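Just start.cif here, mmCIF, C-alpha atoms and all ligand atoms:
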data_query
#
loop_
_atom_site.group_PDB
_atom_site.id
_atom_site.type_symbol
_atom_site.label_atom_id
_atom_site.label_comp_id
_atom_site.auth_asym_id
_atom_site.auth_seq_id
_atom_site.Cartn_x
_atom_site.Cartn_y
_atom_site.Cartn_z
ATOM 1 C CA MET A 1 -66.939 84.917 131.672
ATOM 2 C CA LEU A 2 -69.190 87.177 129.604
ATOM 3 C CA GLU A 3 -69.315 84.530 126.877
ATOM 4 C CA SER A 4 -70.031 81.833 129.464
ATOM 5 C CA ARG A 5 -72.879 83.888 131.013
ATOM 6 C CA GLN A 6 -74.397 84.646 127.623
ATOM 7 C CA ILE A 7 -74.253 81.093 126.234
ATOM 8 C CA PHE A 8 -74.740 78.949 129.349
ATOM 9 C CA GLU A 9 -76.409 81.446 131.700
ATOM 10 C CA LYS A 10 -73.690 80.739 134.252
ATOM 11 C CA GLU A 11 -69.968 81.266 134.680
ATOM 12 C CA ALA A 12 -67.348 78.561 134.290
ATOM 13 C CA LYS A 13 -65.661 77.558 137.554
ATOM 14 C CA ASN A 14 -62.318 75.718 137.646
ATOM 15 C CA LYS A 15 -62.242 76.196 133.846
ATOM 16 C CA MET A 16 -65.329 74.017 133.343
ATOM 17 C CA LEU A 17 -69.085 73.917 133.681
ATOM 18 C CA PHE A 18 -71.920 71.407 133.472
ATOM 19 C CA SER A 19 -74.765 72.360 131.153
ATOM 20 C CA ASN A 20 -77.584 70.876 129.087
ATOM 21 C CA ILE A 21 -76.940 73.572 126.467
ATOM 22 C CA LYS A 22 -74.919 72.025 123.633
ATOM 23 C CA VAL A 23 -72.666 74.298 121.606
ATOM 24 C CA ASP A 24 -69.991 73.554 119.070
ATOM 25 C CA PRO A 25 -66.714 74.284 120.960
ATOM 26 C CA SER A 26 -65.197 75.663 117.744
ATOM 27 C CA ILE A 27 -67.438 78.745 117.872
ATOM 28 C CA SER A 28 -65.505 79.989 120.892
ATOM 29 C CA PRO A 29 -61.922 81.137 121.445
ATOM 30 C CA PHE A 30 -62.202 79.913 125.057
ATOM 31 C CA ILE A 31 -64.020 76.565 124.988
ATOM 32 C CA LYS A 32 -61.381 73.901 124.486
ATOM 33 C CA ASN A 33 -63.534 70.763 124.717
ATOM 34 C CA ARG A 34 -67.100 69.567 125.146
ATOM 35 C CA LEU A 35 -67.736 66.196 126.771
ATOM 36 C CA ASP A 36 -71.134 64.686 126.023
ATOM 37 C CA ILE A 37 -71.492 62.562 129.148
ATOM 38 C CA ILE A 38 -72.711 59.006 128.548
ATOM 39 C CA SER A 39 -72.161 57.586 132.047
ATOM 40 C CA SER A 40 -70.646 58.482 135.387
ATOM 41 C CA SER A 41 -69.841 56.867 138.705
ATOM 42 C CA LYS A 42 -67.909 57.556 141.896
ATOM 43 C CA ASP A 43 -66.560 54.019 141.579
ATOM 44 C CA TYR A 44 -64.078 53.418 138.747
ATOM 45 C CA SER A 45 -64.872 49.702 138.174
ATOM 46 C CA GLU A 46 -68.582 50.541 138.261
ATOM 47 C CA LEU A 47 -67.976 53.060 135.472
ATOM 48 C CA LEU A 48 -66.204 50.426 133.354
ATOM 49 C CA LYS A 49 -69.191 48.069 133.806
ATOM 50 C CA LYS A 50 -71.518 50.852 132.724
ATOM 51 C CA ILE A 51 -69.425 51.513 129.598
ATOM 52 C CA LYS A 52 -69.532 47.802 128.658
ATOM 53 C CA LYS A 53 -73.324 47.831 129.068
ATOM 54 C CA GLU A 54 -73.533 50.649 126.519
ATOM 55 C CA ASN A 55 -72.550 48.071 123.845
ATOM 56 C CA ILE A 56 -70.599 50.567 121.751
ATOM 57 C CA TYR A 57 -69.703 49.163 118.322
ATOM 58 C CA THR A 58 -68.485 52.323 116.546
ATOM 59 C CA ASP A 59 -65.345 51.467 114.581
ATOM 60 C CA ARG A 60 -62.362 53.823 114.249
ATOM 61 C CA PHE A 61 -62.634 55.131 117.789
ATOM 62 C CA LYS A 62 -59.978 56.554 120.050
ATOM 63 C CA VAL A 63 -59.954 57.066 123.820
ATOM 64 C CA GLU A 64 -58.347 60.148 125.333
ATOM 65 C CA TYR A 65 -57.990 60.965 129.001
ATOM 66 C CA LEU A 66 -59.309 64.484 129.633
ATOM 67 C CA ILE A 67 -57.346 66.301 132.340
ATOM 68 C CA LEU A 68 -59.584 68.630 134.330
ATOM 69 C CA ASP A 69 -58.585 71.226 136.914
ATOM 70 C CA GLY A 70 -57.622 69.479 140.158
ATOM 71 C CA ASP A 71 -56.884 66.073 138.574
ATOM 72 C CA THR A 72 -53.263 65.289 139.457
ATOM 73 C CA ARG A 73 -53.088 61.740 138.063
ATOM 74 C CA GLY A 74 -49.830 61.078 136.224
ATOM 75 C CA ASN A 75 -49.330 60.092 132.600
ATOM 76 C CA THR A 76 -48.951 56.327 133.313
ATOM 77 C CA GLU A 77 -52.226 56.151 135.249
ATOM 78 C CA ARG A 78 -54.017 58.221 132.625
ATOM 79 C CA LEU A 79 -52.818 55.892 129.841
ATOM 80 C CA GLU A 80 -53.921 52.843 131.841
ATOM 81 C CA LYS A 81 -57.364 54.317 132.355
ATOM 82 C CA SER A 82 -57.688 55.133 128.633
ATOM 83 C CA ARG A 83 -56.710 51.543 127.816
ATOM 84 C CA ASP A 84 -59.253 50.150 130.337
ATOM 85 C CA VAL A 85 -61.974 52.162 128.615
ATOM 86 C CA GLY A 86 -60.794 51.060 125.170
ATOM 87 C CA PHE A 87 -61.182 47.407 126.203
ATOM 88 C CA CYS A 88 -64.833 48.089 127.169
ATOM 89 C CA ILE A 89 -65.605 49.084 123.575
ATOM 90 C CA GLU A 90 -66.241 46.234 121.107
ATOM 91 C CA ALA A 91 -64.976 47.957 117.960
ATOM 92 C CA GLU A 92 -61.831 48.645 115.948
ATOM 93 C CA PRO A 93 -59.760 51.499 117.369
ATOM 94 C CA ASP A 94 -58.020 54.038 115.133
ATOM 95 C CA TYR A 95 -55.491 56.185 116.943
ATOM 96 C CA TYR A 96 -54.513 58.504 114.070
ATOM 97 C CA THR A 97 -57.726 59.130 112.095
ATOM 98 C CA PRO A 98 -60.556 58.394 114.526
ATOM 99 C CA THR A 99 -64.159 59.167 113.589
ATOM 100 C CA VAL A 100 -65.126 59.427 117.257
ATOM 101 C CA ILE A 101 -63.127 60.257 120.372
ATOM 102 C CA TYR A 102 -64.324 58.834 123.691
ATOM 103 C CA SER A 103 -63.011 60.342 126.854
ATOM 104 C CA ILE A 104 -62.698 59.579 130.523
ATOM 105 C CA CYS A 105 -62.130 62.210 133.186
ATOM 106 C CA ASN A 106 -62.393 62.765 136.899
ATOM 107 C CA PHE A 107 -63.946 65.771 138.566
ATOM 108 C CA ASN A 108 -64.498 66.055 142.334
ATOM 109 C CA GLU A 109 -63.829 62.320 142.724
ATOM 110 C CA VAL A 110 -66.532 61.341 140.195
ATOM 111 C CA TRP A 111 -65.579 59.478 137.005
ATOM 112 C CA TYR A 112 -67.187 60.557 133.722
ATOM 113 C CA PHE A 113 -67.220 58.831 130.339
ATOM 114 C CA GLY A 114 -68.484 60.410 127.146
ATOM 115 C CA ILE A 115 -67.879 61.624 123.608
ATOM 116 C CA LEU A 116 -65.266 64.351 123.300
ATOM 117 C CA LEU A 117 -65.621 67.255 120.866
ATOM 118 C CA LYS A 118 -62.581 69.470 120.525
ATOM 119 C CA ASN A 119 -62.129 73.078 119.441
ATOM 120 C CA ASN A 120 -60.930 73.009 115.834
ATOM 121 C CA PRO A 121 -57.766 75.206 115.879
ATOM 122 C CA GLU A 122 -57.965 75.785 112.090
ATOM 123 C CA TRP A 123 -59.516 79.225 112.735
ATOM 124 C CA GLN A 124 -56.003 80.419 113.611
ATOM 125 C CA LYS A 125 -55.371 80.499 109.840
ATOM 126 C CA HIS A 126 -57.261 83.842 109.815
ATOM 127 C CA LYS A 127 -54.116 85.396 111.349
ATOM 128 C CA LYS A 128 -52.803 85.384 107.789
ATOM 129 C CA LYS A 129 -55.710 87.226 106.181
ATOM 130 C CA PRO A 130 -54.615 89.296 103.166
ATOM 131 C CA CYS A 131 -56.143 92.619 104.350
ATOM 132 C CA SER A 132 -55.850 93.934 107.898
ATOM 133 C CA PHE A 133 -56.872 97.041 109.779
ATOM 134 C CA SER A 134 -54.602 98.943 112.180
ATOM 135 C CA ASN A 135 -56.047 98.578 115.693
ATOM 136 C CA SER A 136 -58.554 96.050 114.424
ATOM 137 C CA ILE A 137 -60.093 93.758 117.029
ATOM 138 C CA ASN A 138 -58.173 90.516 117.343
ATOM 139 C CA MET A 139 -59.487 87.127 116.219
ATOM 140 C CA GLU A 140 -60.325 86.062 119.771
ATOM 141 C CA ILE A 141 -62.570 89.088 120.339
ATOM 142 C CA ALA A 142 -64.094 88.695 116.864
ATOM 143 C CA LYS A 143 -64.847 85.057 117.585
ATOM 144 C CA THR A 144 -66.424 85.717 120.956
ATOM 145 C CA LEU A 145 -68.548 88.542 119.501
ATOM 146 C CA VAL A 146 -70.101 85.912 117.230
ATOM 147 C CA SER A 147 -70.659 83.410 120.053
ATOM 148 C CA ILE A 148 -72.049 86.075 122.407
ATOM 149 C CA SER A 149 -74.397 87.665 119.881
ATOM 150 C CA SER A 150 -75.707 84.290 118.673
ATOM 151 C CA LYS A 151 -75.700 82.705 122.162
ATOM 152 C CA GLY A 152 -74.044 79.792 120.371
ATOM 153 C CA ASN A 153 -77.101 79.132 118.217
ATOM 154 C CA LYS A 154 -76.084 78.662 114.568
ATOM 155 C CA SER A 155 -79.625 79.060 113.274
ATOM 156 C CA ARG A 156 -79.652 82.777 114.208
ATOM 157 C CA GLN A 157 -79.034 85.201 111.373
ATOM 158 C CA LEU A 158 -76.345 87.716 112.249
ATOM 159 C CA LEU A 159 -75.232 91.119 110.985
ATOM 160 C CA ASP A 160 -71.899 92.872 111.426
ATOM 161 C CA ALA A 161 -73.106 96.460 111.061
ATOM 162 C CA CYS A 162 -69.668 98.099 110.667
ATOM 163 C CA CYS A 163 -67.638 95.204 109.323
ATOM 164 C CA GLY A 164 -64.373 97.026 108.465
ATOM 165 C CA VAL A 165 -62.134 94.436 106.773
ATOM 166 C CA GLY A 166 -64.336 91.546 107.907
ATOM 167 C CA THR A 167 -62.534 90.154 110.977
ATOM 168 C CA VAL A 168 -65.859 89.144 112.566
ATOM 169 C CA LEU A 169 -67.269 87.769 109.295
ATOM 170 C CA LEU A 170 -64.316 85.392 108.918
ATOM 171 C CA GLU A 171 -64.856 83.910 112.378
ATOM 172 C CA ALA A 172 -68.610 83.568 111.846
ATOM 173 C CA CYS A 173 -68.160 81.916 108.434
ATOM 174 C CA PHE A 174 -65.558 79.489 109.786
ATOM 175 C CA SER A 175 -68.010 78.306 112.453
ATOM 176 C CA GLY A 176 -70.869 77.957 109.969
ATOM 177 C CA PHE A 177 -72.966 80.961 110.999
ATOM 178 C CA ASP A 178 -75.268 82.776 108.622
ATOM 179 C CA ILE A 179 -73.866 86.329 108.725
ATOM 180 C CA GLU A 180 -73.943 89.456 106.573
ATOM 181 C CA GLY A 181 -71.740 92.528 106.774
ATOM 182 C CA CYS A 182 -72.287 96.239 106.187
ATOM 183 C CA GLU A 183 -69.539 98.779 105.561
ATOM 184 C CA ILE A 184 -69.807 102.427 104.511
ATOM 185 C CA ASN A 185 -66.257 102.752 103.219
ATOM 186 C CA TRP A 186 -65.801 101.161 99.783
ATOM 187 C CA LYS A 187 -62.089 100.452 100.378
ATOM 188 C CA ASN A 188 -62.839 98.477 103.558
ATOM 189 C CA TYR A 189 -65.753 96.836 101.758
ATOM 190 C CA TYR A 190 -63.386 95.502 99.053
ATOM 191 C CA HIS A 191 -60.897 94.418 101.732
ATOM 192 C CA THR A 192 -63.660 92.414 103.404
ATOM 193 C CA LYS A 193 -64.578 90.845 100.050
ATOM 194 C CA ASP A 194 -60.902 89.965 99.399
ATOM 195 C CA ASN A 195 -60.572 88.368 102.850
ATOM 196 C CA LEU A 196 -63.728 86.316 102.342
ATOM 197 C CA VAL A 197 -62.656 85.139 98.865
ATOM 198 C CA HIS A 198 -59.186 84.244 100.179
ATOM 199 C CA PHE A 199 -60.689 81.738 102.650
ATOM 200 C CA GLU A 200 -63.440 80.682 100.200
ATOM 201 C CA TYR A 201 -66.274 81.991 102.384
ATOM 202 C CA THR A 202 -69.492 83.333 100.912
ATOM 203 C CA ALA A 203 -71.080 85.971 103.147
ATOM 204 C CA LYS A 204 -73.123 88.832 101.721
ATOM 205 C CA VAL A 205 -71.565 92.258 102.304
ATOM 206 C CA HIS A 206 -73.476 95.514 101.782
ATOM 207 C CA CYS A 207 -71.469 98.608 100.826
ATOM 208 C CA LEU A 208 -73.847 100.993 102.592
ATOM 209 C CA ASP A 209 -74.326 103.386 105.464
ATOM 210 C CA ILE A 210 -76.014 101.186 108.078
ATOM 211 C CA LYS A 211 -78.914 103.658 108.171
ATOM 212 C CA ASP A 212 -79.780 102.612 104.591
ATOM 213 C CA LEU A 213 -79.808 98.856 105.198
ATOM 214 C CA ASP A 214 -83.318 97.446 105.278
ATOM 215 C CA LYS A 215 -83.378 93.838 106.445
ATOM 216 C CA ASN A 216 -84.052 92.038 109.723
ATOM 217 C CA TYR A 217 -81.586 89.873 111.644
ATOM 218 C CA ASP A 218 -81.734 87.917 114.908
ATOM 219 C CA ALA A 219 -78.695 89.681 116.304
ATOM 220 C CA ALA A 220 -76.148 92.309 115.271
ATOM 221 C CA ILE A 221 -72.599 93.221 116.181
ATOM 222 C CA ILE A 222 -71.268 96.781 116.065
ATOM 223 C CA ASP A 223 -67.536 97.422 116.364
ATOM 224 C CA LEU A 224 -67.902 101.184 116.578
ATOM 225 C CA PRO A 225 -65.591 103.506 114.640
ATOM 226 C CA TYR A 226 -62.711 104.738 116.843
ATOM 227 C CA ASN A 227 -61.808 108.236 118.138
ATOM 228 C CA LEU A 228 -65.278 109.068 119.293
ATOM 229 C CA ARG A 229 -64.670 111.890 121.723
ATOM 230 C CA SER A 230 -66.422 115.091 120.644
ATOM 231 C CA TYR A 231 -70.123 115.771 120.943
ATOM 232 C CA SER A 232 -70.706 115.353 117.213
ATOM 233 C CA ASP A 233 -69.011 111.926 117.367
ATOM 234 C CA ASP A 234 -71.446 110.950 120.106
ATOM 235 C CA SER A 235 -74.276 111.718 117.742
ATOM 236 C CA ILE A 236 -72.665 109.550 115.011
ATOM 237 C CA THR A 237 -72.392 106.723 117.550
ATOM 238 C CA LEU A 238 -76.033 107.120 118.535
ATOM 239 C CA ASN A 239 -77.032 107.127 114.861
ATOM 240 C CA ILE A 240 -75.167 103.885 114.154
ATOM 241 C CA ILE A 241 -76.679 102.249 117.260
ATOM 242 C CA GLN A 242 -80.206 103.398 116.461
ATOM 243 C CA SER A 243 -79.913 102.432 112.791
ATOM 244 C CA THR A 244 -78.778 98.936 113.814
ATOM 245 C CA ALA A 245 -81.496 98.634 116.469
ATOM 246 C CA ARG A 246 -84.100 98.927 113.654
ATOM 247 C CA LEU A 247 -82.717 95.677 112.218
ATOM 248 C CA ALA A 248 -82.144 93.414 115.263
ATOM 249 C CA ASN A 249 -83.451 93.030 118.817
ATOM 250 C CA ARG A 250 -80.139 91.830 120.235
ATOM 251 C CA ILE A 251 -77.003 93.877 119.665
ATOM 252 C CA VAL A 252 -73.453 93.412 120.905
ATOM 253 C CA ILE A 253 -71.495 96.654 120.767
ATOM 254 C CA VAL A 254 -67.734 97.170 121.046
ATOM 255 C CA SER A 255 -66.436 100.599 122.031
ATOM 256 C CA ILE A 256 -63.145 102.021 123.183
ATOM 257 C CA SER A 257 -64.803 104.446 125.605
ATOM 258 C CA ASP A 258 -67.688 104.414 128.064
ATOM 259 C CA ILE A 259 -70.737 104.861 125.858
ATOM 260 C CA GLU A 260 -73.333 103.847 128.465
ATOM 261 C CA PRO A 261 -74.991 107.311 128.382
ATOM 262 C CA ILE A 262 -75.256 107.077 124.568
ATOM 263 C CA ILE A 263 -76.734 103.557 124.654
ATOM 264 C CA LYS A 264 -79.258 104.770 127.253
ATOM 265 C CA LYS A 265 -80.435 107.427 124.788
ATOM 266 C CA SER A 266 -81.317 104.667 122.296
ATOM 267 C CA GLU A 267 -84.086 102.081 122.488
ATOM 268 C CA LEU A 268 -81.596 99.523 123.830
ATOM 269 C CA GLN A 269 -80.925 98.405 127.382
ATOM 270 C CA ILE A 270 -77.621 96.974 128.536
ATOM 271 C CA SER A 271 -78.019 93.436 129.872
ATOM 272 C CA ASP A 272 -74.341 92.626 130.446
ATOM 273 C CA TYR A 273 -70.876 93.966 129.664
ATOM 274 C CA CYS A 274 -67.165 93.361 130.148
ATOM 275 C CA ILE A 275 -63.907 95.236 129.737
ATOM 276 C CA VAL A 276 -61.132 93.756 127.604
ATOM 277 C CA GLU A 277 -57.740 95.203 128.485
ATOM 278 C CA LYS A 278 -54.995 94.969 125.907
ATOM 279 C CA LYS A 279 -51.938 93.142 127.222
ATOM 280 C CA GLY A 280 -48.669 95.082 127.387
ATOM 281 C CA LYS A 281 -47.783 98.657 128.276
ATOM 282 C CA SER A 282 -50.561 100.479 126.443
ATOM 283 C CA LYS A 283 -53.695 101.302 128.425
ATOM 284 C CA PHE A 284 -55.855 100.549 125.361
ATOM 285 C CA LYS A 285 -59.066 98.817 126.338
ATOM 286 C CA ARG A 286 -62.336 97.841 124.748
ATOM 287 C CA ILE A 287 -65.748 97.491 126.310
ATOM 288 C CA ILE A 288 -68.186 94.855 125.059
ATOM 289 C CA TRP A 289 -71.832 95.748 125.715
ATOM 290 C CA VAL A 290 -74.609 93.172 125.365
ATOM 291 C CA CYS A 291 -77.836 95.018 124.627
ATOM 292 C CA GLU A 292 -81.453 94.057 124.034
ATOM 293 C CA LYS A 293 -84.228 96.196 122.620
ATOM 294 C CA ARG A 294 -86.377 97.686 125.410
ATOM 295 C CA ILE A 295 -89.874 96.232 125.488
ATOM 296 C CA PRO A 296 -92.371 99.122 125.484
ATOM 297 C CA ILE A 297 -94.570 99.104 128.627
HETATM 298 C C1 LIG B 301 -63.760 99.899 114.189
HETATM 299 S S1 LIG B 301 -63.995 99.668 112.507
HETATM 300 C C2 LIG B 301 -64.524 98.007 112.396
HETATM 301 C C3 LIG B 301 -63.382 97.095 112.311
HETATM 302 C C4 LIG B 301 -63.800 95.669 112.051
HETATM 303 N N1 LIG B 301 -64.344 95.035 113.218
HETATM 304 C C5 LIG B 301 -62.593 94.899 111.568
HETATM 305 O O1 LIG B 301 -62.054 94.131 112.347
HETATM 306 O O2 LIG B 301 -62.149 95.118 110.466
HETATM 307 C C6 LIG B 301 -65.493 100.535 112.204
HETATM 308 C C7 LIG B 301 -65.935 100.495 110.771
HETATM 309 O O3 LIG B 301 -67.219 101.100 110.683
HETATM 310 C C8 LIG B 301 -67.343 101.704 109.424
HETATM 311 N N2 LIG B 301 -68.465 102.648 109.514
HETATM 312 C C9 LIG B 301 -68.464 103.882 110.067
HETATM 313 N N3 LIG B 301 -69.691 104.436 109.981
HETATM 314 C C10 LIG B 301 -70.477 103.514 109.368
HETATM 315 C C11 LIG B 301 -71.858 103.494 108.989
HETATM 316 N N4 LIG B 301 -72.651 104.545 109.218
HETATM 317 N N5 LIG B 301 -72.352 102.414 108.372
HETATM 318 C C12 LIG B 301 -71.548 101.331 108.128
HETATM 319 N N6 LIG B 301 -70.226 101.298 108.461
HETATM 320 C C13 LIG B 301 -69.704 102.370 109.081
HETATM 321 C C14 LIG B 301 -65.971 102.337 109.214
HETATM 322 O O4 LIG B 301 -65.714 102.588 107.850
HETATM 323 C C15 LIG B 301 -65.054 101.261 109.806
HETATM 324 O O5 LIG B 301 -64.593 100.401 108.807
#

Write out the structure in this file as structure tokens.
Amino acid sequence: MLESRQIFEKEAKNKMLFSNIKVDPSISPFIKNRLDIISSSKDYSELLKKIKKENIYTDRFKVEYLILDGDTRGNTERLEKSRDVGFCIEAEPDYYTPTVIYSICNFNEVWYFGILLKNNPEWQKHKKKPCSFSNSINMEIAKTLVSISSKGNKSRQLLDACCGVGTVLLEACFSGFDIEGCEINWKNYYHTKDNLVHFEYTAKVHCLDIKDLDKNYDAAIIDLPYNLRSYSDDSITLNIIQSTARLANRIVIVSISDIEPIIKKSELQISDYCIVEKKGKSKFKRIIWVCEKRIPI
């Protein structure tokens, strides 16, 4: 829901939403499909007429029926509908290696036809990265940190201020984002480099204390170091946040404790947040804070 609010400025309902904002579904761990609607109608035969009128001649197409929440039509009916749509398209179909997938679906008794873009599941290959970190954020969180910080816009330059072994960098690189990393610990720095090389990604990584980095970015991500309990740790946290705030106006922070009072001491204001609970017996949780630089009055 946090990702949905940050990218589309509204929450998904019934696992879907309508929006004019176009994002690549593969940037998100949650968005399964995007349907670029070409035509719609309450009347099924009217929809077929509309599709024919589109005069689509793209060869190597495939038609897939998209099942949305609340659509209880059975497999036979869905196949028939896909076939009906296929016959409205004057081109050569290609079921196994299509260059374009058209889709038909029904939502609230309205029929929709459009081009279907699917989430590319290849990012799951990052599960087998050569270097890992105990308690590291998982790939899903890493992926959504990229989509939240960028708001789904691939032209924004991103920074992972405390990149550890590069979990976030891998997800950003896979989706085609321009991202750099910063890591104070040389061992983690080399682990990040190894992970990037393994998947043939080329992101710049700085082996530096974030306070010494001097470059501007559109947005930054901070997965704060763990075990921040004592007063002195609070000051380290504040230092990392303030050092990063020099470099970007929009910052997404991940913490394992409530750091709202620390964020309030910085020049950032919290615009949104969510709590991610770890499944299972452990009470381990993370908080994701979306922050923007305060505009001086
Ligand atoms: C929670 S870990 C990040 C884990 C990372 N997201 C990953 O998945 O590998 C925090 C990292 O911040 C680094 N770090 C701590 N202080 C830093 C600083 N001042 N500048 C840059 N990195 C710092 C630590 O070495 C550690 O690798």

### Query
For this file, the PyMOL selection byres (((chain A and resi 39) around 8) and not hetatm) selects which residues, as a ChimeraX atom specification?
/A:37-38,40-41,47,50-51,112-114

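If all atoms listed in the file are the atoms counted, then among A:Asp43, A:Glu140, A:Asp59, A:Asp94 the closest residue to Val276 of chain A is A:Glu140.
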
Kindly provide the residues of chain A that approach ligand LIG 301 (chain B) to within 10 Å, each paired with its closest atom pair and their distance in Å to one decimal, based on only C-alpha atoms and all ligand atoms, listed by chain and increasing number, as JSON lines.
{"residue": "A:Cys131", "atom": "CA", "partner": "B:LIG301", "partner_atom": "O2", "distance": 8.9}
{"residue": "A:Ser132", "atom": "CA", "partner": "B:LIG301", "partner_atom": "O2", "distance": 6.9}
{"residue": "A:Phe133", "atom": "CA", "partner": "B:LIG301", "partner_atom": "O2", "distance": 5.7}
{"residue": "A:Ser134", "atom": "CA", "partner": "B:LIG301", "partner_atom": "O2", "distance": 8.6}
{"residue": "A:Asn135", "atom": "CA", "partner": "B:LIG301", "partner_atom": "C1", "distance": 8.0}
{"residue": "A:Ser136", "atom": "CA", "partner": "B:LIG301", "partner_atom": "O1", "distance": 4.5}
{"residue": "A:Ile137", "atom": "CA", "partner": "B:LIG301", "partner_atom": "O1", "distance": 5.1}
{"residue": "A:Asn138", "atom": "CA", "partner": "B:LIG301", "partner_atom": "O1", "distance": 7.3}
{"residue": "A:Met139", "atom": "CA", "partner": "B:LIG301", "partner_atom": "O1", "distance": 8.4}
{"residue": "A:Ile141", "atom": "CA", "partner": "B:LIG301", "partner_atom": "N1", "distance": 9.4}
{"residue": "A:Ala142", "atom": "CA", "partner": "B:LIG301", "partner_atom": "N1", "distance": 7.3}
{"residue": "A:Leu145", "atom": "CA", "partner": "B:LIG301", "partner_atom": "N1", "distance": 10.0}
{"residue": "A:Asp160", "atom": "CA", "partner": "B:LIG301", "partner_atom": "N1", "distance": 8.1}
{"residue": "A:Ala161", "atom": "CA", "partner": "B:LIG301", "partner_atom": "C12", "distance": 5.9}
{"residue": "A:Cys162", "atom": "CA", "partner": "B:LIG301", "partner_atom": "O3", "distance": 3.9}
{"residue": "A:Cys163", "atom": "CA", "partner": "B:LIG301", "partner_atom": "C4", "distance": 4.7}
{"residue": "A:Gly164", "atom": "CA", "partner": "B:LIG301", "partner_atom": "O5", "distance": 3.4}
{"residue": "A:Val165", "atom": "CA", "partner": "B:LIG301", "partner_atom": "O2", "distance": 3.8}
{"residue": "A:Gly166", "atom": "CA", "partner": "B:LIG301", "partner_atom": "O2", "distance": 4.9}
{"residue": "A:Thr167", "atom": "CA", "partner": "B:LIG301", "partner_atom": "O1", "distance": 4.2}
{"residue": "A:Val168", "atom": "CA", "partner": "B:LIG301", "partner_atom": "N1", "distance": 6.1}
{"residue": "A:Leu169", "atom": "CA", "partner": "B:LIG301", "partner_atom": "N1", "distance": 8.8}
{"residue": "A:Leu170", "atom": "CA", "partner": "B:LIG301", "partner_atom": "O1", "distance": 9.7}
{"residue": "A:Gly181", "atom": "CA", "partner": "B:LIG301", "partner_atom": "C12", "distance": 8.9}
{"residue": "A:Cys182", "atom": "CA", "partner": "B:LIG301", "partner_atom": "C12", "distance": 5.5}
{"residue": "A:Glu183", "atom": "CA", "partner": "B:LIG301", "partner_atom": "N6", "distance": 3.9}
{"residue": "A:Ile184", "atom": "CA", "partner": "B:LIG301", "partner_atom": "N6", "distance": 4.1}
{"residue": "A:Asn185", "atom": "CA", "partner": "B:LIG301", "partner_atom": "O4", "distance": 4.7}
{"residue": "A:Trp186", "atom": "CA", "partner": "B:LIG301", "partner_atom": "O4", "distance": 8.2}
{"residue": "A:Lys187", "atom": "CA", "partner": "B:LIG301", "partner_atom": "O4", "distance": 8.6}
{"residue": "A:Asn188", "atom": "CA", "partner": "B:LIG301", "partner_atom": "O5", "distance": 5.9}
{"residue": "A:Tyr189", "atom": "CA", "partner": "B:LIG301", "partner_atom": "O5", "distance": 8.0}
{"residue": "A:His191", "atom": "CA", "partner": "B:LIG301", "partner_atom": "O2", "distance": 8.9}
{"residue": "A:Thr192", "atom": "CA", "partner": "B:LIG301", "partner_atom": "O2", "distance": 7.7}
{"residue": "A:His206", "atom": "CA", "partner": "B:LIG301", "partner_atom": "C12", "distance": 8.8}
{"residue": "A:Cys207", "atom": "CA", "partner": "B:LIG301", "partner_atom": "C12", "distance": 7.8}
{"residue": "A:Leu208", "atom": "CA", "partner": "B:LIG301", "partner_atom": "C12", "distance": 6.0}
{"residue": "A:Asp209", "atom": "CA", "partner": "B:LIG301", "partner_atom": "N5", "distance": 3.6}
{"residue": "A:Ile210", "atom": "CA", "partner": "B:LIG301", "partner_atom": "N5", "distance": 3.9}
{"residue": "A:Lys211", "atom": "CA", "partner": "B:LIG301", "partner_atom": "N4", "distance": 6.4}
{"residue": "A:Asp212", "atom": "CA", "partner": "B:LIG301", "partner_atom": "N5", "distance": 8.3}
{"residue": "A:Leu213", "atom": "CA", "partner": "B:LIG301", "partner_atom": "N5", "distance": 8.9}
{"residue": "A:Ile221", "atom": "CA", "partner": "B:LIG301", "partner_atom": "N1", "distance": 9.0}
{"residue": "A:Ile222", "atom": "CA", "partner": "B:LIG301", "partner_atom": "N1", "distance": 7.7}
{"residue": "A:Asp223", "atom": "CA", "partner": "B:LIG301", "partner_atom": "C1", "distance": 5.0}
{"residue": "A:Leu224", "atom": "CA", "partner": "B:LIG301", "partner_atom": "C1", "distance": 5.0}
{"residue": "A:Pro225", "atom": "CA", "partner": "B:LIG301", "partner_atom": "C6", "distance": 3.8}
{"residue": "A:Tyr226", "atom": "CA", "partner": "B:LIG301", "partner_atom": "C1", "distance": 5.6}
{"residue": "A:Asn227", "atom": "CA", "partner": "B:LIG301", "partner_atom": "C1", "distance": 9.4}
{"residue": "A:Ile236", "atom": "CA", "partner": "B:LIG301", "partner_atom": "N4", "distance": 7.7}
{"residue": "A:Thr237", "atom": "CA", "partner": "B:LIG301", "partner_atom": "N3", "distance": 8.4}
{"residue": "A:Asn239", "atom": "CA", "partner": "B:LIG301", "partner_atom": "N4", "distance": 7.6}
{"residue": "A:Ile240", "atom": "CA", "partner": "B:LIG301", "partner_atom": "N4", "distance": 5.6}
{"residue": "A:Ile241", "atom": "CA", "partner": "B:LIG301", "partner_atom": "N4", "distance": 9.3}
{"residue": "A:Ser243", "atom": "CA", "partner": "B:LIG301", "partner_atom": "N4", "distance": 8.4}
{"residue": "A:Thr244", "atom": "CA", "partner": "B:LIG301", "partner_atom": "N5", "distance": 9.1}
{"residue": "A:Val254", "atom": "CA", "partner": "B:LIG301", "partner_atom": "C1", "distance": 8.4}
{"residue": "A:Ser255", "atom": "CA", "partner": "B:LIG301", "partner_atom": "C1", "distance": 8.3}
{"residue": "A:Ile256", "atom": "CA", "partner": "B:LIG301", "partner_atom": "C1", "distance": 9.3}

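Atom CA of Asp233 of chain A to atom CA of Trp289 of chain A spans 18.4 Å [interatomic distance, one decimal].
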